[in-house]
$ cat entry16.json   # JSON, C-alpha atoms
[["chain", "number", "residue", "atom", "x", "y", "z"],
["H", 219, "MET", "CA", 88.29, 82.76, 108.83],
["H", 220, "ALA", "CA", 90.86, 84.67, 110.80],
["H", 221, "ALA", "CA", 94.52, 85.56, 111.00],
["H", 222, "LEU", "CA", 96.15, 84.89, 114.36],
["H", 223, "SER", "CA", 99.56, 85.73, 115.77],
["H", 224, "SER", "CA", 101.37, 84.38, 118.78],
["H", 225, "ARG", "CA", 103.64, 86.77, 120.61],
["H", 226, "THR", "CA", 106.64, 86.39, 122.81],
["H", 227, "GLN", "CA", 108.13, 88.87, 125.24],
["H", 228, "VAL", "CA", 111.91, 89.30, 125.38],
["H", 229, "ASN", "CA", 114.24, 91.46, 127.42],
["H", 230, "GLY", "CA", 116.21, 94.24, 125.78],
["H", 231, "ARG", "CA", 117.96, 97.53, 126.32],
["H", 232, "ILE", "CA", 117.48, 100.99, 124.92],
["H", 233, "GLY", "CA", 120.60, 102.66, 123.57],
["H", 234, "TYR", "CA", 121.91, 104.34, 120.46],
["H", 235, "ALA", "CA", 122.65, 102.90, 117.03],
["H", 236, "ALA", "CA", 126.22, 102.65, 115.75],
["H", 237, "SER", "CA", 129.43, 103.33, 117.66],
["H", 238, "TYR", "CA", 132.58, 105.15, 116.56],
["H", 239, "THR", "CA", 136.17, 105.29, 117.77],
["H", 240, "ILE", "CA", 137.85, 108.59, 116.93],
["H", 241, "VAL", "CA", 141.63, 108.52, 116.58],
["H", 242, "THR", "CA", 144.11, 111.20, 115.59],
["H", 243, "PRO", "CA", 146.17, 110.58, 112.43],
["H", 244, "ARG", "CA", 148.74, 113.14, 113.58],
["H", 245, "ALA", "CA", 150.70, 113.66, 116.77],
["H", 246, "GLY", "CA", 150.18, 116.87, 118.71],
["H", 247, "ILE", "CA", 148.96, 118.54, 121.89],
["H", 248, "ILE", "CA", 145.25, 118.23, 122.58],
["H", 249, "THR", "CA", 144.01, 121.71, 123.48],
["H", 250, "ALA", "CA", 140.22, 121.23, 123.72],
["H", 251, "LEU", "CA", 137.86, 118.27, 124.11],
["H", 252, "PRO", "CA", 134.07, 117.94, 124.24],
["H", 253, "GLN", "CA", 132.19, 116.92, 127.35],
["H", 254, "VAL", "CA", 130.80, 113.42, 127.69],
["H", 255, "SER", "CA", 127.16, 113.39, 126.47],
["H", 256, "ALA", "CA", 127.80, 116.35, 124.15],
["H", 257, "VAL", "CA", 126.36, 116.05, 120.64],
["H", 258, "ILE", "CA", 128.59, 117.35, 117.86],
["H", 259, "SER", "CA", 126.75, 118.07, 114.63],
["H", 260, "GLU", "CA", 128.14, 118.33, 111.12],
["H", 261, "GLY", "CA", 130.26, 121.44, 110.67],
["H", 262, "GLN", "CA", 131.01, 121.81, 114.37],
["H", 263, "VAL", "CA", 134.39, 121.48, 116.07],
["H", 264, "LEU", "CA", 134.90, 118.00, 117.46],
["H", 265, "TYR", "CA", 138.12, 118.78, 119.34],
["H", 266, "ARG", "CA", 141.26, 120.91, 118.98],
["H", 267, "ARG", "CA", 144.83, 119.77, 118.41],
["H", 268, "ASP", "CA", 147.68, 122.29, 118.69],
["H", 269, "GLY", "CA", 145.00, 124.97, 118.93],
["H", 270, "GLN", "CA", 143.57, 124.03, 115.53],
["H", 271, "PRO", "CA", 139.90, 122.99, 115.20],
["H", 272, "ILE", "CA", 139.19, 119.44, 114.05],
["H", 273, "VAL", "CA", 135.82, 119.59, 112.32],
["H", 274, "LEU", "CA", 133.18, 116.89, 111.97],
["H", 275, "LEU", "CA", 131.75, 116.32, 108.50],
["H", 276, "GLN", "CA", 129.37, 113.62, 107.36],
["H", 277, "GLY", "CA", 130.80, 110.78, 105.30],
["H", 278, "SER", "CA", 131.43, 107.05, 105.42],
["H", 279, "THR", "CA", 135.08, 107.15, 104.25],
["H", 280, "PRO", "CA", 137.65, 108.27, 106.85],
["H", 281, "MET", "CA", 139.98, 111.09, 105.91],
["H", 282, "TYR", "CA", 143.14, 109.26, 104.83],
["H", 283, "ARG", "CA", 145.07, 111.98, 102.98],
["H", 284, "SER", "CA", 145.48, 115.72, 102.56],
["H", 285, "MET", "CA", 143.26, 117.30, 99.91],
["H", 286, "ALA", "CA", 143.76, 120.36, 97.73],
["H", 287, "GLN", "CA", 142.75, 121.71, 94.33],
["H", 288, "GLY", "CA", 143.43, 118.98, 91.80],
["H", 289, "THR", "CA", 142.77, 116.05, 94.15],
["H", 290, "THR", "CA", 140.53, 113.43, 92.56],
["H", 291, "GLY", "CA", 138.35, 110.95, 94.43],
["H", 292, "SER", "CA", 139.08, 107.24, 94.27],
["H", 293, "GLU", "CA", 136.21, 104.80, 93.90],
["H", 294, "ILE", "CA", 138.43, 102.01, 95.20],
["H", 295, "ALA", "CA", 139.43, 103.76, 98.43],
["H", 296, "GLY", "CA", 136.13, 105.59, 98.79],
["H", 297, "SER", "CA", 135.29, 108.94, 97.32],
["H", 298, "ASP", "CA", 136.48, 111.28, 100.06],
["H", 299, "VAL", "CA", 136.33, 114.22, 97.64],
["H", 300, "ARG", "CA", 132.69, 113.55, 96.75],
["H", 301, "GLN", "CA", 131.59, 113.35, 100.37],
["H", 302, "LEU", "CA", 133.55, 116.55, 101.06],
["H", 303, "ASN", "CA", 131.74, 118.34, 98.23],
["H", 304, "GLN", "CA", 128.40, 117.05, 99.51],
["H", 305, "ALA", "CA", 129.14, 118.26, 103.04],
["H", 306, "LEU", "CA", 130.18, 121.72, 101.84],
["H", 307, "VAL", "CA", 126.92, 122.08, 99.91],
["H", 308, "ARG", "CA", 124.83, 120.81, 102.84],
["H", 309, "LEU", "CA", 126.47, 123.30, 105.19],
["H", 310, "GLY", "CA", 125.90, 126.21, 102.79],
["H", 311, "TYR", "CA", 129.55, 126.98, 101.99],
["H", 312, "ALA", "CA", 128.65, 126.31, 98.34],
["H", 313, "ASN", "CA", 125.51, 125.70, 96.30],
["H", 314, "GLU", "CA", 124.74, 123.07, 93.70],
["H", 315, "LEU", "CA", 124.93, 125.59, 90.87],
["H", 316, "GLY", "CA", 128.56, 126.30, 91.65],
["H", 317, "LEU", "CA", 129.64, 122.97, 93.14],
["H", 318, "ASP", "CA", 128.27, 119.63, 91.96],
["H", 319, "PRO", "CA", 127.79, 117.57, 95.16],
["H", 320, "ASP", "CA", 128.29, 114.37, 93.16],
["H", 321, "SER", "CA", 131.64, 115.49, 91.76],
["H", 322, "ASP", "CA", 134.81, 113.54, 92.55],
["H", 323, "GLN", "CA", 136.92, 116.59, 91.71],
["H", 324, "PHE", "CA", 138.48, 119.04, 94.16],
["H", 325, "GLY", "CA", 138.18, 122.03, 91.85],
["H", 326, "TRP", "CA", 138.13, 125.78, 92.24],
["H", 327, "ALA", "CA", 134.57, 125.65, 93.66],
["H", 328, "THR", "CA", 135.66, 123.21, 96.37],
["H", 329, "LYS", "CA", 138.66, 125.41, 97.15],
["H", 330, "LEU", "CA", 136.42, 128.46, 97.49],
["H", 331, "ALA", "CA", 134.02, 126.59, 99.78],
["H", 332, "ILE", "CA", 136.92, 125.39, 101.97],
["H", 333, "GLU", "CA", 138.15, 128.99, 102.25],
["H", 334, "ARG", "CA", 134.68, 130.02, 103.46],
["H", 335, "LEU", "CA", 134.71, 127.20, 106.02],
["H", 336, "GLN", "CA", 138.17, 128.21, 107.19],
["H", 337, "ASP", "CA", 137.08, 131.84, 107.48],
["H", 338, "HIS", "CA", 134.11, 130.75, 109.61],
["H", 339, "LEU", "CA", 136.50, 128.82, 111.88],
["H", 340, "GLY", "CA", 138.94, 131.73, 112.15],
["H", 341, "LEU", "CA", 141.70, 129.93, 110.24],
["H", 342, "ASP", "CA", 144.03, 131.06, 107.50],
["H", 343, "GLN", "CA", 142.15, 130.70, 104.22],
["H", 344, "THR", "CA", 144.46, 128.27, 102.43],
["H", 345, "GLY", "CA", 141.72, 126.45, 100.51],
["H", 346, "ARG", "CA", 143.32, 123.09, 101.29],
["H", 347, "LEU", "CA", 142.79, 120.46, 103.98],
["H", 348, "ASP", "CA", 145.68, 118.77, 105.72],
["H", 349, "LEU", "CA", 145.37, 115.21, 106.96],
["H", 350, "GLY", "CA", 143.53, 115.17, 110.27],
["H", 351, "GLN", "CA", 141.75, 118.52, 109.94],
["H", 352, "ILE", "CA", 138.48, 116.75, 109.20],
["H", 353, "VAL", "CA", 136.81, 113.77, 110.89],
["H", 354, "PHE", "CA", 134.29, 112.04, 108.65],
["H", 355, "LEU", "CA", 131.51, 110.13, 110.42],
["H", 356, "PRO", "CA", 128.21, 108.88, 108.97],
["H", 357, "THR", "CA", 126.16, 110.89, 111.49],
["H", 358, "ALA", "CA", 126.34, 113.47, 114.23],
["H", 359, "ALA", "CA", 128.44, 112.26, 117.16],
["H", 360, "ARG", "CA", 127.14, 111.74, 120.68],
["H", 361, "ILE", "CA", 130.20, 111.58, 122.91],
["H", 362, "ILE", "CA", 130.19, 108.68, 125.39],
["H", 363, "ALA", "CA", 133.84, 108.58, 126.51],
["H", 364, "VAL", "CA", 136.92, 110.79, 126.23],
["H", 365, "SER", "CA", 140.33, 109.08, 126.31],
["H", 366, "ALA", "CA", 142.68, 111.99, 125.63],
["H", 367, "THR", "CA", 143.75, 114.65, 128.11],
["H", 368, "VAL", "CA", 143.83, 118.36, 127.42],
["H", 369, "GLY", "CA", 147.43, 119.55, 127.40],
["H", 370, "ALA", "CA", 148.94, 116.10, 126.98],
["H", 371, "PRO", "CA", 151.13, 115.14, 124.00],
["H", 372, "THR", "CA", 149.18, 112.68, 121.88],
["H", 373, "PRO", "CA", 150.91, 110.28, 119.50],
["H", 374, "THR", "CA", 149.71, 109.30, 116.04],
["H", 375, "SER", "CA", 146.79, 106.83, 116.04],
["H", 376, "ALA", "CA", 145.90, 107.58, 119.67],
["H", 377, "VAL", "CA", 142.25, 107.13, 120.61],
["H", 378, "ILE", "CA", 140.75, 110.53, 121.37],
["H", 379, "MET", "CA", 137.16, 109.62, 122.19],
["H", 380, "GLN", "CA", 134.29, 107.20, 121.69],
["H", 381, "ALA", "CA", 130.94, 108.23, 120.25],
["H", 382, "THR", "CA", 127.63, 106.88, 119.04],
["H", 383, "SER", "CA", 125.09, 108.18, 116.59],
["H", 384, "THR", "CA", 122.11, 110.13, 117.92],
["H", 385, "GLU", "CA", 119.64, 107.57, 116.56],
["H", 386, "ARG", "CA", 117.73, 105.67, 119.23],
["H", 387, "GLN", "CA", 117.78, 101.89, 119.02],
["H", 388, "VAL", "CA", 116.52, 98.95, 121.07],
["H", 389, "THR", "CA", 118.49, 95.70, 121.03],
["H", 390, "VAL", "CA", 117.06, 92.39, 122.22],
["H", 391, "ALA", "CA", 118.46, 88.89, 122.52],
["H", 392, "LEU", "CA", 116.00, 86.61, 120.71],
["H", 393, "ASP", "CA", 115.96, 82.83, 121.00],
["H", 394, "ALA", "CA", 117.94, 81.61, 117.98],
["H", 395, "ALA", "CA", 115.19, 79.09, 117.22],
["H", 396, "GLN", "CA", 112.89, 82.02, 116.43],
["H", 397, "GLN", "CA", 115.28, 83.70, 113.98],
["H", 398, "THR", "CA", 113.25, 82.78, 110.89],
["H", 399, "GLN", "CA", 110.06, 84.07, 112.52],
["H", 400, "VAL", "CA", 111.32, 87.66, 112.83],
["H", 401, "ASN", "CA", 112.13, 89.83, 109.83],
["H", 402, "ALA", "CA", 113.21, 93.38, 109.16],
["H", 403, "GLY", "CA", 110.09, 95.52, 108.94],
["H", 404, "ASP", "CA", 108.10, 93.53, 111.53],
["H", 405, "LYS", "CA", 106.21, 95.67, 114.03],
["H", 406, "VAL", "CA", 106.82, 95.24, 117.76],
["H", 407, "THR", "CA", 105.61, 96.75, 121.02],
["H", 408, "ILE", "CA", 108.16, 98.19, 123.46],
["H", 409, "THR", "CA", 107.33, 98.38, 127.16],
["H", 410, "LEU", "CA", 109.29, 101.04, 129.07],
["H", 411, "PRO", "CA", 110.36, 100.74, 132.73],
["H", 412, "SER", "CA", 107.42, 103.00, 133.59],
["H", 413, "GLY", "CA", 105.00, 100.48, 132.05],
["H", 414, "ARG", "CA", 104.20, 102.76, 129.12],
["H", 415, "THR", "CA", 104.21, 101.12, 125.69],
["H", 416, "THR", "CA", 105.47, 102.52, 122.41],
["H", 417, "PRO", "CA", 105.69, 101.00, 118.92],
["H", 418, "GLY", "CA", 108.83, 99.93, 117.11],
["H", 419, "VAL", "CA", 109.97, 98.27, 113.89],
["H", 420, "VAL", "CA", 112.60, 95.55, 113.48],
["H", 421, "ALA", "CA", 115.60, 97.13, 111.71],
["H", 422, "ALA", "CA", 117.97, 94.16, 111.54],
["H", 423, "VAL", "CA", 118.11, 90.52, 112.59],
["H", 424, "GLY", "CA", 121.50, 89.08, 113.54],
["H", 425, "THR", "CA", 122.91, 86.10, 111.67],
["H", 426, "VAL", "CA", 125.27, 84.66, 114.30],
["H", 427, "ALA", "CA", 123.94, 82.97, 117.43],
["H", 428, "THR", "CA", 125.75, 83.48, 120.73],
["H", 429, "SER", "CA", 125.38, 81.91, 124.16],
["H", 430, "SER", "CA", 125.54, 83.61, 127.52],
["H", 431, "GLY", "CA", 129.16, 84.49, 128.20],
["H", 432, "SER", "CA", 130.19, 83.97, 124.58],
["H", 433, "SER", "CA", 132.50, 86.56, 123.04],
["H", 434, "SER", "CA", 131.36, 85.91, 119.47],
["H", 435, "SER", "CA", 130.05, 88.84, 117.50],
["H", 436, "SER", "CA", 126.38, 88.93, 116.66],
["H", 437, "GLY", "CA", 126.92, 91.11, 113.61],
["H", 438, "SER", "CA", 124.76, 93.85, 115.08],
["H", 439, "SER", "CA", 125.77, 97.49, 114.78],
["H", 440, "SER", "CA", 124.09, 98.49, 118.01],
["H", 441, "ALA", "CA", 126.02, 100.54, 120.50],
["H", 442, "GLY", "CA", 124.31, 98.72, 123.40],
["H", 443, "SER", "CA", 124.44, 95.08, 124.38],
["H", 444, "PRO", "CA", 121.29, 92.98, 124.34],
["H", 445, "GLY", "CA", 120.07, 92.08, 127.77],
["H", 446, "GLY", "CA", 118.00, 89.45, 129.39],
["H", 447, "SER", "CA", 119.22, 86.24, 127.79],
["H", 448, "SER", "CA", 118.81, 83.42, 130.26],
["H", 449, "GLY", "CA", 121.17, 80.54, 130.82],
["H", 450, "SER", "CA", 123.28, 79.53, 127.88],
["H", 451, "ALA", "CA", 120.49, 79.20, 125.31],
["H", 452, "PRO", "CA", 121.75, 80.52, 121.94],
["H", 453, "THR", "CA", 120.35, 83.91, 121.04],
["H", 454, "ILE", "CA", 120.60, 86.34, 118.15],
["H", 455, "ALA", "CA", 120.68, 90.12, 118.38],
["H", 456, "VAL", "CA", 117.70, 91.95, 116.94],
["H", 457, "ASP", "CA", 117.92, 95.73, 116.42],
["H", 458, "ILE", "CA", 114.68, 97.68, 116.67],
["H", 459, "THR", "CA", 113.99, 101.26, 115.63],
["H", 460, "PRO", "CA", 111.52, 103.00, 117.97],
["H", 461, "GLY", "CA", 108.54, 104.65, 116.32],
["H", 462, "ASP", "CA", 108.65, 107.47, 118.89],
["H", 463, "PRO", "CA", 112.27, 108.06, 120.01],
["H", 464, "ALA", "CA", 111.17, 110.89, 122.28],
["H", 465, "ALA", "CA", 109.28, 108.36, 124.42],
["H", 466, "PHE", "CA", 112.61, 107.19, 125.89],
["H", 467, "GLY", "CA", 113.62, 110.58, 127.23],
["H", 468, "ASN", "CA", 117.17, 110.38, 128.61],
["H", 469, "LEU", "CA", 117.12, 106.62, 129.17],
["H", 470, "ASP", "CA", 120.33, 104.89, 128.09],
["H", 471, "GLN", "CA", 121.07, 101.19, 128.56],
["H", 472, "ALA", "CA", 117.86, 100.90, 130.57],
["H", 473, "PRO", "CA", 116.19, 97.47, 130.55],
["H", 474, "ILE", "CA", 112.91, 97.25, 128.63],
["H", 475, "GLN", "CA", 110.52, 94.58, 127.39],
["H", 476, "VAL", "CA", 109.77, 93.97, 123.72],
["H", 477, "THR", "CA", 106.82, 91.99, 122.45],
["H", 478, "VAL", "CA", 107.48, 90.38, 119.07],
["H", 479, "VAL", "CA", 105.28, 88.27, 116.83],
["H", 480, "ALA", "CA", 106.69, 84.74, 117.03],
["H", 481, "ALA", "CA", 104.33, 83.06, 114.54],
["H", 482, "THR", "CA", 101.33, 83.90, 112.34],
["H", 483, "VAL", "CA", 98.65, 81.78, 110.71],
["H", 484, "ARG", "CA", 96.06, 83.00, 108.23],
["H", 485, "ASP", "CA", 92.65, 81.88, 107.04],
["H", 486, "VAL", "CA", 92.02, 79.58, 110.01],
["H", 487, "LEU", "CA", 89.02, 78.88, 112.20],
["H", 488, "ALA", "CA", 89.30, 80.58, 115.57],
["H", 489, "VAL", "CA", 87.25, 80.76, 118.76],
["H", 490, "PRO", "CA", 87.69, 82.71, 122.00],
["H", 491, "VAL", "CA", 90.10, 80.92, 124.32],
["H", 492, "THR", "CA", 87.40, 81.03, 127.01],
["H", 493, "ALA", "CA", 85.16, 78.88, 124.77],
["H", 494, "LEU", "CA", 87.47, 75.88, 125.23],
["H", 495, "LEU", "CA", 86.13, 73.26, 127.64],
["H", 496, "SER", "CA", 88.75, 70.86, 129.00],
["H", 497, "GLN", "CA", 88.07, 67.14, 128.92],
["H", 498, "PRO", "CA", 89.79, 64.11, 130.48],
["H", 499, "GLY", "CA", 92.97, 63.14, 128.68],
["H", 500, "GLY", "CA", 93.92, 66.73, 127.87],
["H", 501, "GLN", "CA", 91.33, 67.12, 125.10],
["H", 502, "TYR", "CA", 89.17, 70.18, 124.45],
["H", 503, "VAL", "CA", 85.64, 70.64, 123.18],
["H", 504, "VAL", "CA", 83.59, 73.65, 122.22],
["H", 505, "GLU", "CA", 79.82, 73.99, 122.53],
["H", 506, "VAL", "CA", 78.38, 74.85, 119.12],
["H", 507, "ALA", "CA", 74.98, 76.54, 118.87],
["H", 508, "ASP", "CA", 73.35, 75.60, 115.54],
["H", 509, "GLY", "CA", 70.54, 78.10, 115.04],
["H", 510, "ASP", "CA", 67.49, 77.26, 117.14],
["H", 511, "GLY", "CA", 68.46, 73.58, 117.40],
["H", 512, "PRO", "CA", 70.12, 71.85, 120.33],
["H", 513, "HIS", "CA", 73.69, 72.66, 121.25],
["H", 514, "ARG", "CA", 76.36, 70.06, 120.57],
["H", 515, "LEU", "CA", 79.84, 69.45, 121.84],
["H", 516, "VAL", "CA", 82.59, 69.21, 119.22],
["H", 517, "THR", "CA", 86.04, 67.86, 119.99],
["H", 518, "VAL", "CA", 88.69, 70.24, 118.69],
["H", 519, "GLN", "CA", 92.41, 70.30, 118.20],
["H", 520, "THR", "CA", 94.01, 73.57, 119.16],
["H", 521, "GLY", "CA", 96.65, 75.33, 117.16],
["H", 522, "LEU", "CA", 98.14, 78.77, 117.62],
["H", 523, "PHE", "CA", 97.07, 80.89, 120.61],
["H", 524, "ASP", "CA", 96.72, 84.64, 120.04],
["H", 525, "ASP", "CA", 96.97, 86.04, 123.55],
["H", 526, "ALA", "CA", 96.60, 89.64, 122.42],
["H", 527, "ASP", "CA", 93.15, 89.02, 120.92],
["H", 528, "GLY", "CA", 92.17, 86.14, 123.22],
["H", 529, "LEU", "CA", 91.63, 83.74, 120.31],
["H", 530, "VAL", "CA", 92.83, 80.22, 119.53],
["H", 531, "GLN", "CA", 93.07, 78.31, 116.26],
["H", 532, "VAL", "CA", 90.83, 75.21, 116.20],
["H", 533, "THR", "CA", 90.02, 72.33, 113.87],
["H", 534, "GLY", "CA", 87.34, 69.71, 114.32],
["H", 535, "PRO", "CA", 84.61, 67.73, 112.52],
["H", 536, "GLY", "CA", 81.62, 69.82, 111.54],
["H", 537, "LEU", "CA", 83.19, 73.19, 112.35],
["H", 538, "ALA", "CA", 82.67, 75.99, 109.85],
["H", 539, "ALA", "CA", 83.19, 79.72, 109.64],
["H", 540, "GLY", "CA", 80.24, 81.72, 110.97],
["H", 541, "GLN", "CA", 79.08, 79.16, 113.53],
["H", 542, "ARG", "CA", 78.36, 80.39, 117.00],
["H", 543, "VAL", "CA", 80.03, 78.89, 120.04],
["H", 544, "VAL", "CA", 79.08, 79.24, 123.68],
["H", 545, "VAL", "CA", 81.40, 81.24, 125.91],
["H", 546, "PRO", "CA", 80.80, 80.31, 129.57],
["H", 547, "ALA", "CA", 80.13, 83.21, 131.90],
["H", 548, "SER", "CA", 83.17, 84.12, 133.95]]
$ encode --input "entry16.json" --output "structure tokens"
Amino acid sequence: MAALSSRTQVNGRIGYAASYTIVTPRAGIITALPQVSAVISEGQVLYRRDGQPIVLLQGSTPMYRSMAQGTTGSEIAGSDVRQLNQALVRLGYANELGLDPDSDQFGWATKLAIERLQDHLGLDQTGRLDLGQIVFLPTAARIIAVSATVGAPTPTSAVIMQATSTERQVTVALDAAQQTQVNAGDKVTITLPSGRTTPGVVAAVGTVATSSGSSSSSGSSSAGSPGGSSGSAPTIAVDITPGDPAAFGNLDQAPIQVTVVAATVRDVLAVPVTALLSQPGGQYVVEVADGDGPHRLVTVQTGLFDDADGLVQVTGPGLAAGQRVVVPAS
């Protein structure tokens, strides 16, 4: 008995996971901006406004207020103080013995760590953070577009730049009818433009089907758009995490091919596809060799074809596991 899988090849694109729009909560003059394609890591200066450095720290809650000693985090709005404490410990401006990274309190230890950060940046050591001095993003930022202009007055809420994470991601447009056949954690094979293959794992399967030209959201967090959908057949976006991100080099939004398992059957009888002998009426038979006795032809019904292994699921009277079948010479 065997386990067989049928596979389908779909078009996709290689890009980066997650996208971010960075806006300024305060008006001012932009005095420095990063270059497109630059990667800004946690603790580094993202841009400068009025000559002051705006620093990137890791966190999921945007900075929405000024913070100083005595500020307490809010679970409802998101614990900005906790993620600040965690960032300060990660960056080495404090240690866990002096500053609890899970604390929601902006205490004396947080103030001291902020002073060390400000000293590193060449700022006055006030121990407080004014609104807009920090940009919280979940990851490092890879800059893909810059909207602001150095030297230009910038109003509140102006878009400064666009960024993505640095995590590689493949996005494909899968036939919506196959949605239930693909699950997070499934393994896939990615074929690069060069023809080289590399493994990947399904990270997320979209829940909203779209047609070609539709503006509906797929629910995917990918920074790139899935490619290769044909006609107006409904598709869903599937995000795939490459097993070897380095295999993509500098490719971005390049078209690739992804082979996914469309269906699997287990504990079935299987024979090599080349053992099938076609008969009139679209039927198939296989030639069974029973020990030293005469060979016999058995009519079979085919099921799932496993192209990767060259096998096909079969059922028929008198077939059993372990029997030998004749494979005609090619």
$ residues_around --input "entry16.json" --residues "range 472-478 of chain H" --least-positions-apart "5" --cutoff "12 Å" --atoms "all atoms listed in the file" --output "number ranges by chain"
H: 223-234, 387-393, 396-397, 399-420, 442-447, 456-460, 466-467, 525-526
$ closest_residue --input "entry16.json" --among "H:Glu260, H:Asp527, H:Asp485, H:Asp268" --to "Val353 in chain H" --atoms "all atoms listed in the file"
H:Glu260
$ closest_residue --input "entry16.json" --among "H:Ala250, H:Gly509, H:Val503, H:Asp470" --to "Val263 in chain H" --atoms "all atoms listed in the file"
H:Ala250
$ atom_distance --input "entry16.json" --atom1 "CA of Gly288 in chain H" --atom2 "CA of Gln323 in chain H"
6.9 Å
$ closest_residue --input "entry16.json" --among "H:Leu347, H:Ala359, H:Val491, H:Met379" --to "Val530 in chain H" --atoms "only C-alpha atoms"
H:Val491
$ atom_distance --input "entry16.json" --atom1 "CA of Gln541 in chain H" --atom2 "CA of Gln501 in chain H"
20.7 Å
$ closest_residue --input "entry16.json" --among "H:Ile361, H:Leu495, H:Leu274, H:Val532" --to "Leu515 in chain H" --atoms "all atoms listed in the file"
H:Leu495
$ atom_distance --input "entry16.json" --atom1 "CA of Thr344 in chain H" --atom2 "CA of Val299 in chain H"
16.9 Å
$ residues_around --input "entry16.json" --residues "Gly325 in chain H" --least-positions-apart "6" --cutoff "9 Å" --atoms "all atoms listed in the file" --output "list in words"
Ala286, Gln287, Gly288, Thr289, Thr290 and Leu317 of chain H
$ write_last_selection --input "entry16.json" --atoms "C-alpha atoms" --output "PDB file, in the coordinates of the input"
ATOM      1  CA  ALA H 286     143.760 120.360  97.730  1.00  0.00           C
ATOM      2  CA  GLN H 287     142.750 121.710  94.330  1.00  0.00           C
ATOM      3  CA  GLY H 288     143.430 118.980  91.800  1.00  0.00           C
ATOM      4  CA  THR H 289     142.770 116.050  94.150  1.00  0.00           C
ATOM      5  CA  THR H 290     140.530 113.430  92.560  1.00  0.00           C
ATOM      6  CA  LEU H 317     129.640 122.970  93.140  1.00  0.00           C
TER       7      LEU H 317
END
$ residues_around --input "entry16.json" --residues "Ala493 in chain H" --least-positions-apart "5" --cutoff "8 Å" --atoms "only C-alpha atoms" --output "ChimeraX atom specification"
/H:504-505,543-546
$ closest_residue --input "entry16.json" --among "H:Leu494, H:Ala370, H:Ala395, H:Ala507" --to "Ile454 in chain H" --atoms "only C-alpha atoms"
H:Ala395
$ closest_residue --input "entry16.json" --among "H:Ile352, H:Leu335, H:Asp524, H:Val377" --to "Ala480 in chain H" --atoms "all atoms listed in the file"
H:Asp524
$ residues_around --input "entry16.json" --residues "Ser278 in chain H" --least-positions-apart "2" --cutoff "10 Å" --atoms "all atoms listed in the file" --output "PDB file with C-alpha atoms, in the coordinates of the input"
ATOM      1  CA  LEU H 275     131.750 116.320 108.500  1.00  0.00           C
ATOM      2  CA  GLN H 276     129.370 113.620 107.360  1.00  0.00           C
ATOM      3  CA  PRO H 280     137.650 108.270 106.850  1.00  0.00           C
ATOM      4  CA  MET H 281     139.980 111.090 105.910  1.00  0.00           C
ATOM      5  CA  GLY H 296     136.130 105.590  98.790  1.00  0.00           C
ATOM      6  CA  SER H 297     135.290 108.940  97.320  1.00  0.00           C
ATOM      7  CA  ASP H 298     136.480 111.280 100.060  1.00  0.00           C
ATOM      8  CA  GLN H 301     131.590 113.350 100.370  1.00  0.00           C
ATOM      9  CA  PHE H 354     134.290 112.040 108.650  1.00  0.00           C
ATOM     10  CA  LEU H 355     131.510 110.130 110.420  1.00  0.00           C
ATOM     11  CA  PRO H 356     128.210 108.880 108.970  1.00  0.00           C
ATOM     12  CA  THR H 357     126.160 110.890 111.490  1.00  0.00           C
TER      13      THR H 357
END
